[in-house]
There are 2 protein chains.
Amino acid sequence: MKIIESGVTAATGFKAASVHCGIRKNTEKNDLSLIVSEKRCTAAAVYTRNLVKGAPLIVTKDHLSDGYAQAIICNSGNANTCNANGIEIAERMSALCAEKLGLEVDDIVVASTGVIGQPLDIAPIERGIGPLVGALSEDGSASAALGIMTTDTKPKEIAVEFTLSGRTCRIGGIAKGSGMIHPDMATMLVFITSDVCISREMLQRALSSDIESSFNMLSVDGDTSTNDMVTVLCNGMAENAQITEEGDEFKTFMKALNTVTVALCRMIASDGEGATKLLECRVSGAKDLQTAKTVAKSVICSSLLKAAMFGADANWGRVLCAIGYSSADVDIDRIDVRFRSDKGEILVCENGAGVDFSEEKAKEILLEDEIEILIDLKSGEYQSTAWGCDLTYDYVRINGDYRT
Amino acid sequence: MKIIESGVTAATGFKAASVHCGIRKNTEKNDLSLIVSEKRCTAAAVYTRNLVKGAPLIVTKDHLSDGYAQAIICNSGNANTCNANGIEIAERMSALCAEKLGLEVDDIVVASTGVIGQPLDIAPIERGIGPLVGALSEDGSASAALGIMTTDTKPKEIAVEFTLSGRTCRIGGIAKGSGMIHPDMATMLVFITSDVCISREMLQRALSSDIESSFNMLSVDGDTSTNDMVTVLCNGMAENAQITEEGDEFKTFMKALNTVTVALCRMIASDGEGATKLLECRVSGAKDLQTAKTVAKSVICSSLLKAAMFGADANWGRVLCAIGYSSADVDIDRIDVRFRSDKGEILVCENGAGVDFSEEKAKEILLEDEIEILIDLKSGEYQSTAWGCDLTYDYVRINGDYRT
């Protein structure tokens, strides 16, 4: 398997594009993206568990109930959530897209991201859909990634190439997400495409299993969005023997999918609102998987630890504190904590108590952009990784006045 | 019942003081406090549920196992937590205090607050205990409140006067707490004294019941401390008929206690690390109490909402988002949201969707120091209140470099 420089148009038969249609006032920021497959795809999706669900998610869930889709339309600048006419608008977006592409309306995935509770005007989308379809291109992944961004500072895309039953296959994805990132089921918006031939049942199984160790282990600010969604479309154009059951081929697909999802998680975390650092918490030695996950997630979510990392302060007491309130059943007196980056690794806590360490060396390690927090529970063989970012002045600035 | 300007020395028979003994380098900040009763007291306490527990809590829990105590000693500047010799040091602190006061060691409540994971030197406490006992005074509450502060910017004390069986009674308390405030059982450190005569069983029942609607509804940053503790000492010197069962007298006591605890909660929230605003989230119309509490706590803990309040931004979508991921079973389409302060009240969301409102008026309301977020679930008769504060640049500054 190798990583290639592309995204949702890496797989055979996919085109993408974005345009500025006028949902946003800033004409330099595209606000409407489209991804289309040449052939109808098996499709799988996971959605937010937030009780407040964006109208587009409700419409998409309905459209995907048969397990097939062929295009994804997504606007930024307005979440189309908590609006009285939200469902109607999301259906209208889907219909416009289907009509222009000559597809069935229930083969359209529709998504929106941006501010909650402001009615979404359909007029700019009506005007924009023609130019958007006209702009579709096999090199359009980067453009589509730009069009779905909100407070993101960087577009996020990744693709991998691998082999199944002698055929070259690809999986690629784009993502957006910077604030309100604490997925309980999926993350903000992630669109993944592939030319693999796989049954819809196995595709949904692959995605549902994958997110447990990828997007569900990601947190920027503890706020689970109303619009989280991850969608995978597979058009089968790689012409591999269809995957219809578990086995080596399914494992290869899962591994490729996980490479894409974990890469997107890391991109989202490192581009968290105001973030200056990517934090990766790796828990090992847990007595079971749930314990490892609970500990990793608790540490990555601690506001105090996140602020300490911003300050490059090796305040390991906050790591132990977050483990202690995580509700995980651990033996505190066995825990070792280390910090690691490109500048090296340092042991700061052994068997639940502090050890003498060089503050100078710790500072040097923590001043890097990517920090690993290594926690060894020394009570078993299970491990888990969670991703997050530091808490900074800019997070406060960005969210102190988001709407205006 | 009336509120009086005092704290832990309001009740008959209590003295308090603090000194600078040298745990902190800054000689202008007292770091050792003492509260003593003339008579032995019935005592009740609740402690953090964090698995990592400060050594002083373990020692105090042991000392209070008989339900009696007579003095409280507390240092700031070092939490005596995650240290190999922590228990030994906490026992030594208790013994020094008992010896100097002529009390039994198991009548001493011992507490520590400050940085985790740095050994606590007993030498400054040995030197300080003499001057500390010498400074004890019936006007010493404010001094004791100063001595237990860490990142607090204001000392926190409150007292009330009321009548039981014809006798004038008082309950007063002091508290410290600014960061790492998200009590799961109690808050950082709260010491309450009273001259009420009450059995130890009824005192513990009163306290355990009270914290469910006071300290457990308070959050500054979602981090449950390792050293949370609330202690109440009652010396009986008001000479009321002893409270040994539920009834009107117990209700009067509970009401007075709740006045003290809620006042302390509000003081802690408004002095949250970096806070510029006290946030009070009042949920009404819930179908049961747990739903009301879950919703109130989820909203008050949302980083996004807290940042919006800092920016005086009426971003009610974040209120709905936090209700949606709270796990409470609510009907989103019925929810009304209002913001209120001394400048007035404004409806921003009705039946789960936005309403037209004056942004100018909303800004005027949200620029005040105390903001109420009013949520009506319109599904029943239950209500709950939670307290918190805004998320600010200063929270990041304070926690980016706490240790140095």
# chains A, B, ... in the order shown; residues from 1 in each chain; ligands from 1
>>> interface_residues(of="chain B", to="chain A", cutoff="7 Å", atoms="only C-alpha atoms", output="ChimeraX atom specification")
/B:49-52,82-84,116-118,221,223-226,302-304,307-311,313,317,321,324-325,332,352-354,391-393,396,399-401
>>> closest_residue(among="A:Ala135, A:Val232, A:Ile158, A:Val19", to="Gly67 (chain A)", atoms="only C-alpha atoms")
A:Val232
>>> select_by_dssp(residues="region 161-404 of chain B", states="alpha helix (DSSP H)", output="JSON, numbers by chain")
{"B": [200, 201, 202, 203, 204, 205, 206, 207, 208, 209, 210, 211, 248, 249, 250, 251, 252, 253, 254, 255, 256, 257, 258, 259, 260, 261, 262, 263, 264, 265, 266, 267, 268, 269, 270, 289, 290, 291, 292, 293, 294, 295, 296, 297, 298, 299, 300, 301, 303, 304, 305, 306, 307, 308, 309, 310, 317, 318, 319, 320, 321, 322, 323, 324, 359, 360, 361, 362, 363, 364, 365, 366, 393, 394, 395, 396, 397, 398, 399, 400]}
>>> select_by_dssp(residues="region 4-228 of chain B", states="strand (DSSP E)", output="ChimeraX atom specification")
/B:4,14-19,32-47,68-76,108-113,156-164,167-176,189-194
>>> residues_around(residues="region 41-44 of chain A", least_positions_apart="3", cutoff="10 Å", atoms="only C-alpha atoms", output="JSON, numbers by chain")
{"A": [36, 37, 38, 61, 64, 65, 66, 67, 68, 69, 70, 71, 107, 109, 192, 193, 194, 195, 196, 197, 198, 199, 200, 201, 202, 203, 204, 205, 206, 207, 208, 230, 231, 232, 233, 234, 235, 236, 237]}
>>> write_last_selection(atoms="N, CA and C atoms", output="mmCIF file, in the first residue's frame")
data_model
loop_
_atom_site.group_PDB
_atom_site.id
_atom_site.type_symbol
_atom_site.label_atom_id
_atom_site.label_comp_id
_atom_site.auth_asym_id
_atom_site.auth_seq_id
_atom_site.Cartn_x
_atom_site.Cartn_y
_atom_site.Cartn_z
ATOM 1 N N VAL A 36 -18.789 13.492 -7.745
ATOM 2 C CA VAL A 36 -19.666 12.632 -8.565
ATOM 3 C C VAL A 36 -18.900 11.412 -9.063
ATOM 4 N N SER A 37 -19.567 10.276 -9.055
ATOM 5 C CA SER A 37 -18.964 9.058 -9.604
ATOM 6 C C SER A 37 -19.595 8.763 -10.968
ATOM 7 N N GLU A 38 -18.780 8.211 -11.865
ATOM 8 C CA GLU A 38 -19.264 7.826 -13.194
ATOM 9 C C GLU A 38 -20.310 6.728 -13.081
ATOM 10 N N LYS A 61 -29.722 10.342 5.248
ATOM 11 C CA LYS A 61 -29.998 9.018 5.831
ATOM 12 C C LYS A 61 -31.137 8.340 5.063
ATOM 13 N N LEU A 64 -29.841 7.239 1.621
ATOM 14 C CA LEU A 64 -28.897 6.110 1.662
ATOM 15 C C LEU A 64 -29.520 4.830 2.211
ATOM 16 N N SER A 65 -30.817 4.868 2.482
ATOM 17 C CA SER A 65 -31.437 3.687 3.108
ATOM 18 C C SER A 65 -31.353 2.454 2.201
ATOM 19 N N ASP A 66 -31.183 2.653 0.895
ATOM 20 C CA ASP A 66 -31.031 1.501 -0.004
ATOM 21 C C ASP A 66 -29.568 1.087 -0.173
ATOM 22 N N GLY A 67 -28.631 1.862 0.435
ATOM 23 C CA GLY A 67 -27.224 1.479 0.365
ATOM 24 C C GLY A 67 -26.503 1.913 -0.898
ATOM 25 N N TYR A 68 -27.094 2.785 -1.694
ATOM 26 C CA TYR A 68 -26.448 3.247 -2.924
ATOM 27 C C TYR A 68 -26.472 4.769 -3.044
ATOM 28 N N ALA A 69 -25.454 5.317 -3.719
ATOM 29 C CA ALA A 69 -25.412 6.752 -3.997
ATOM 30 C C ALA A 69 -24.463 6.996 -5.159
ATOM 31 N N GLN A 70 -24.526 8.201 -5.737
ATOM 32 C CA GLN A 70 -23.635 8.482 -6.863
ATOM 33 C C GLN A 70 -23.006 9.877 -6.801
ATOM 34 N N ALA A 71 -23.556 10.765 -5.965
ATOM 35 C CA ALA A 71 -22.981 12.113 -5.884
ATOM 36 C C ALA A 71 -23.156 12.685 -4.479
ATOM 37 N N ASP A 107 -30.057 9.083 -4.943
ATOM 38 C CA ASP A 107 -28.634 8.747 -5.050
ATOM 39 C C ASP A 107 -27.744 9.939 -4.700
ATOM 40 N N VAL A 109 -26.102 12.389 -1.802
ATOM 41 C CA VAL A 109 -25.757 12.679 -0.409
ATOM 42 C C VAL A 109 -25.706 14.195 -0.282
ATOM 43 N N ILE A 192 -15.310 10.062 1.598
ATOM 44 C CA ILE A 192 -14.289 9.125 1.128
ATOM 45 C C ILE A 192 -14.823 8.429 -0.116
ATOM 46 N N THR A 193 -13.963 8.307 -1.122
ATOM 47 C CA THR A 193 -14.367 7.623 -2.356
ATOM 48 C C THR A 193 -13.388 6.491 -2.639
ATOM 49 N N SER A 194 -13.868 5.474 -3.344
ATOM 50 C CA SER A 194 -12.993 4.360 -3.705
ATOM 51 C C SER A 194 -13.536 3.687 -4.949
ATOM 52 N N ASP A 195 -12.621 3.051 -5.694
ATOM 53 C CA ASP A 195 -13.058 2.279 -6.863
ATOM 54 C C ASP A 195 -13.129 0.792 -6.547
ATOM 55 N N VAL A 196 -13.015 0.447 -5.277
ATOM 56 C CA VAL A 196 -13.102 -0.959 -4.863
ATOM 57 C C VAL A 196 -14.521 -1.482 -5.103
ATOM 58 N N CYS A 197 -14.607 -2.752 -5.457
ATOM 59 C CA CYS A 197 -15.900 -3.410 -5.603
ATOM 60 C C CYS A 197 -16.205 -4.149 -4.292
ATOM 61 N N ILE A 198 -17.179 -3.679 -3.579
ATOM 62 C CA ILE A 198 -17.501 -4.242 -2.250
ATOM 63 C C ILE A 198 -19.011 -4.144 -2.044
ATOM 64 N N SER A 199 -19.590 -5.155 -1.416
ATOM 65 C CA SER A 199 -21.035 -5.133 -1.176
ATOM 66 C C SER A 199 -21.372 -4.044 -0.167
ATOM 67 N N ARG A 200 -22.606 -3.558 -0.214
ATOM 68 C CA ARG A 200 -22.963 -2.461 0.695
ATOM 69 C C ARG A 200 -22.944 -2.890 2.155
ATOM 70 N N GLU A 201 -23.269 -4.168 2.410
ATOM 71 C CA GLU A 201 -23.232 -4.648 3.788
ATOM 72 C C GLU A 201 -21.795 -4.625 4.324
ATOM 73 N N MET A 202 -20.851 -5.114 3.517
ATOM 74 C CA MET A 202 -19.463 -5.168 3.971
ATOM 75 C C MET A 202 -18.871 -3.765 4.064
ATOM 76 N N LEU A 203 -19.310 -2.850 3.199
ATOM 77 C CA LEU A 203 -18.816 -1.476 3.245
ATOM 78 C C LEU A 203 -19.268 -0.791 4.535
ATOM 79 N N GLN A 204 -20.538 -0.975 4.891
ATOM 80 C CA GLN A 204 -21.034 -0.373 6.135
ATOM 81 C C GLN A 204 -20.322 -0.995 7.344
ATOM 82 N N ARG A 205 -20.089 -2.319 7.274
ATOM 83 C CA ARG A 205 -19.392 -2.979 8.382
ATOM 84 C C ARG A 205 -17.981 -2.425 8.532
ATOM 85 N N ALA A 206 -17.305 -2.225 7.399
ATOM 86 C CA ALA A 206 -15.938 -1.688 7.425
ATOM 87 C C ALA A 206 -15.921 -0.293 8.045
ATOM 88 N N LEU A 207 -16.855 0.566 7.619
ATOM 89 C CA LEU A 207 -16.866 1.940 8.115
ATOM 90 C C LEU A 207 -17.225 1.998 9.601
ATOM 91 N N SER A 208 -18.268 1.269 9.990
ATOM 92 C CA SER A 208 -18.710 1.299 11.394
ATOM 93 C C SER A 208 -17.618 0.798 12.323
ATOM 94 N N VAL A 230 -19.678 10.900 8.181
ATOM 95 C CA VAL A 230 -18.634 10.312 7.348
ATOM 96 C C VAL A 230 -19.334 9.460 6.302
ATOM 97 N N THR A 231 -19.001 9.668 5.046
ATOM 98 C CA THR A 231 -19.612 8.897 3.962
ATOM 99 C C THR A 231 -18.526 8.240 3.125
ATOM 100 N N VAL A 232 -18.729 7.002 2.752
ATOM 101 C CA VAL A 232 -17.820 6.312 1.824
ATOM 102 C C VAL A 232 -18.626 5.861 0.618
ATOM 103 N N LEU A 233 -18.132 6.170 -0.573
ATOM 104 C CA LEU A 233 -18.753 5.721 -1.831
ATOM 105 C C LEU A 233 -17.763 4.835 -2.578
ATOM 106 N N CYS A 234 -18.199 3.630 -2.971
ATOM 107 C CA CYS A 234 -17.328 2.709 -3.714
ATOM 108 C C CYS A 234 -17.995 2.357 -5.045
ATOM 109 N N ASN A 235 -17.343 2.708 -6.172
ATOM 110 C CA ASN A 235 -18.004 2.511 -7.467
ATOM 111 C C ASN A 235 -17.621 1.210 -8.185
ATOM 112 N N GLY A 236 -16.688 0.439 -7.607
ATOM 113 C CA GLY A 236 -16.357 -0.867 -8.175
ATOM 114 C C GLY A 236 -15.541 -0.838 -9.447
ATOM 115 N N MET A 237 -15.115 0.353 -9.883
ATOM 116 C CA MET A 237 -14.432 0.448 -11.184
ATOM 117 C C MET A 237 -13.007 -0.108 -11.186
#
>>> residues_around(residues="Gly128 (chain A)", least_positions_apart="2", cutoff="8 Å", atoms="only C-alpha atoms", output="VMD selection string")
chain A and resid 19 to 21 32 124 to 126 130 to 132
>>> residues_around(residues="Ala16 (chain A)", least_positions_apart="3", cutoff="6 Å", atoms="only C-alpha atoms", output="count of residues only")
6
>>> residues_around(residues="Ala55 (chain B)", least_positions_apart="4", cutoff="7 Å", atoms="only C-alpha atoms", output="MDAnalysis selection string")
chainID B and resid 59 80:81 86:87 90
>>> atom_distance(atom1="CA of Ser143 (chain B)", atom2="CA of Ser94 (chain B)")
20.2 Å
>>> closest_residue(among="A:Ser18, A:Ser6, A:Gln242, A:Ser219", to="Arg167 (chain A)", atoms="only C-alpha atoms")
A:Gln242
>>> atom_distance(atom1="CA of Ala256 (chain B)", atom2="CA of Phe215 (chain B)")
15.3 Å
>>> closest_residue(among="B:Met229, B:Ala10, B:Ala95, B:Val46", to="Ser209 (chain B)", atoms="only C-alpha atoms")
B:Val46
>>> atom_distance(atom1="CA of Ala175 (chain B)", atom2="CA of Lys156 (chain B)")
5.4 Å
>>> residues_around(residues="Leu101 (chain A)", least_positions_apart="3", cutoff="8 Å", atoms="only C-alpha atoms", output="PyMOL selection string")
chain A and resi 97-98+133
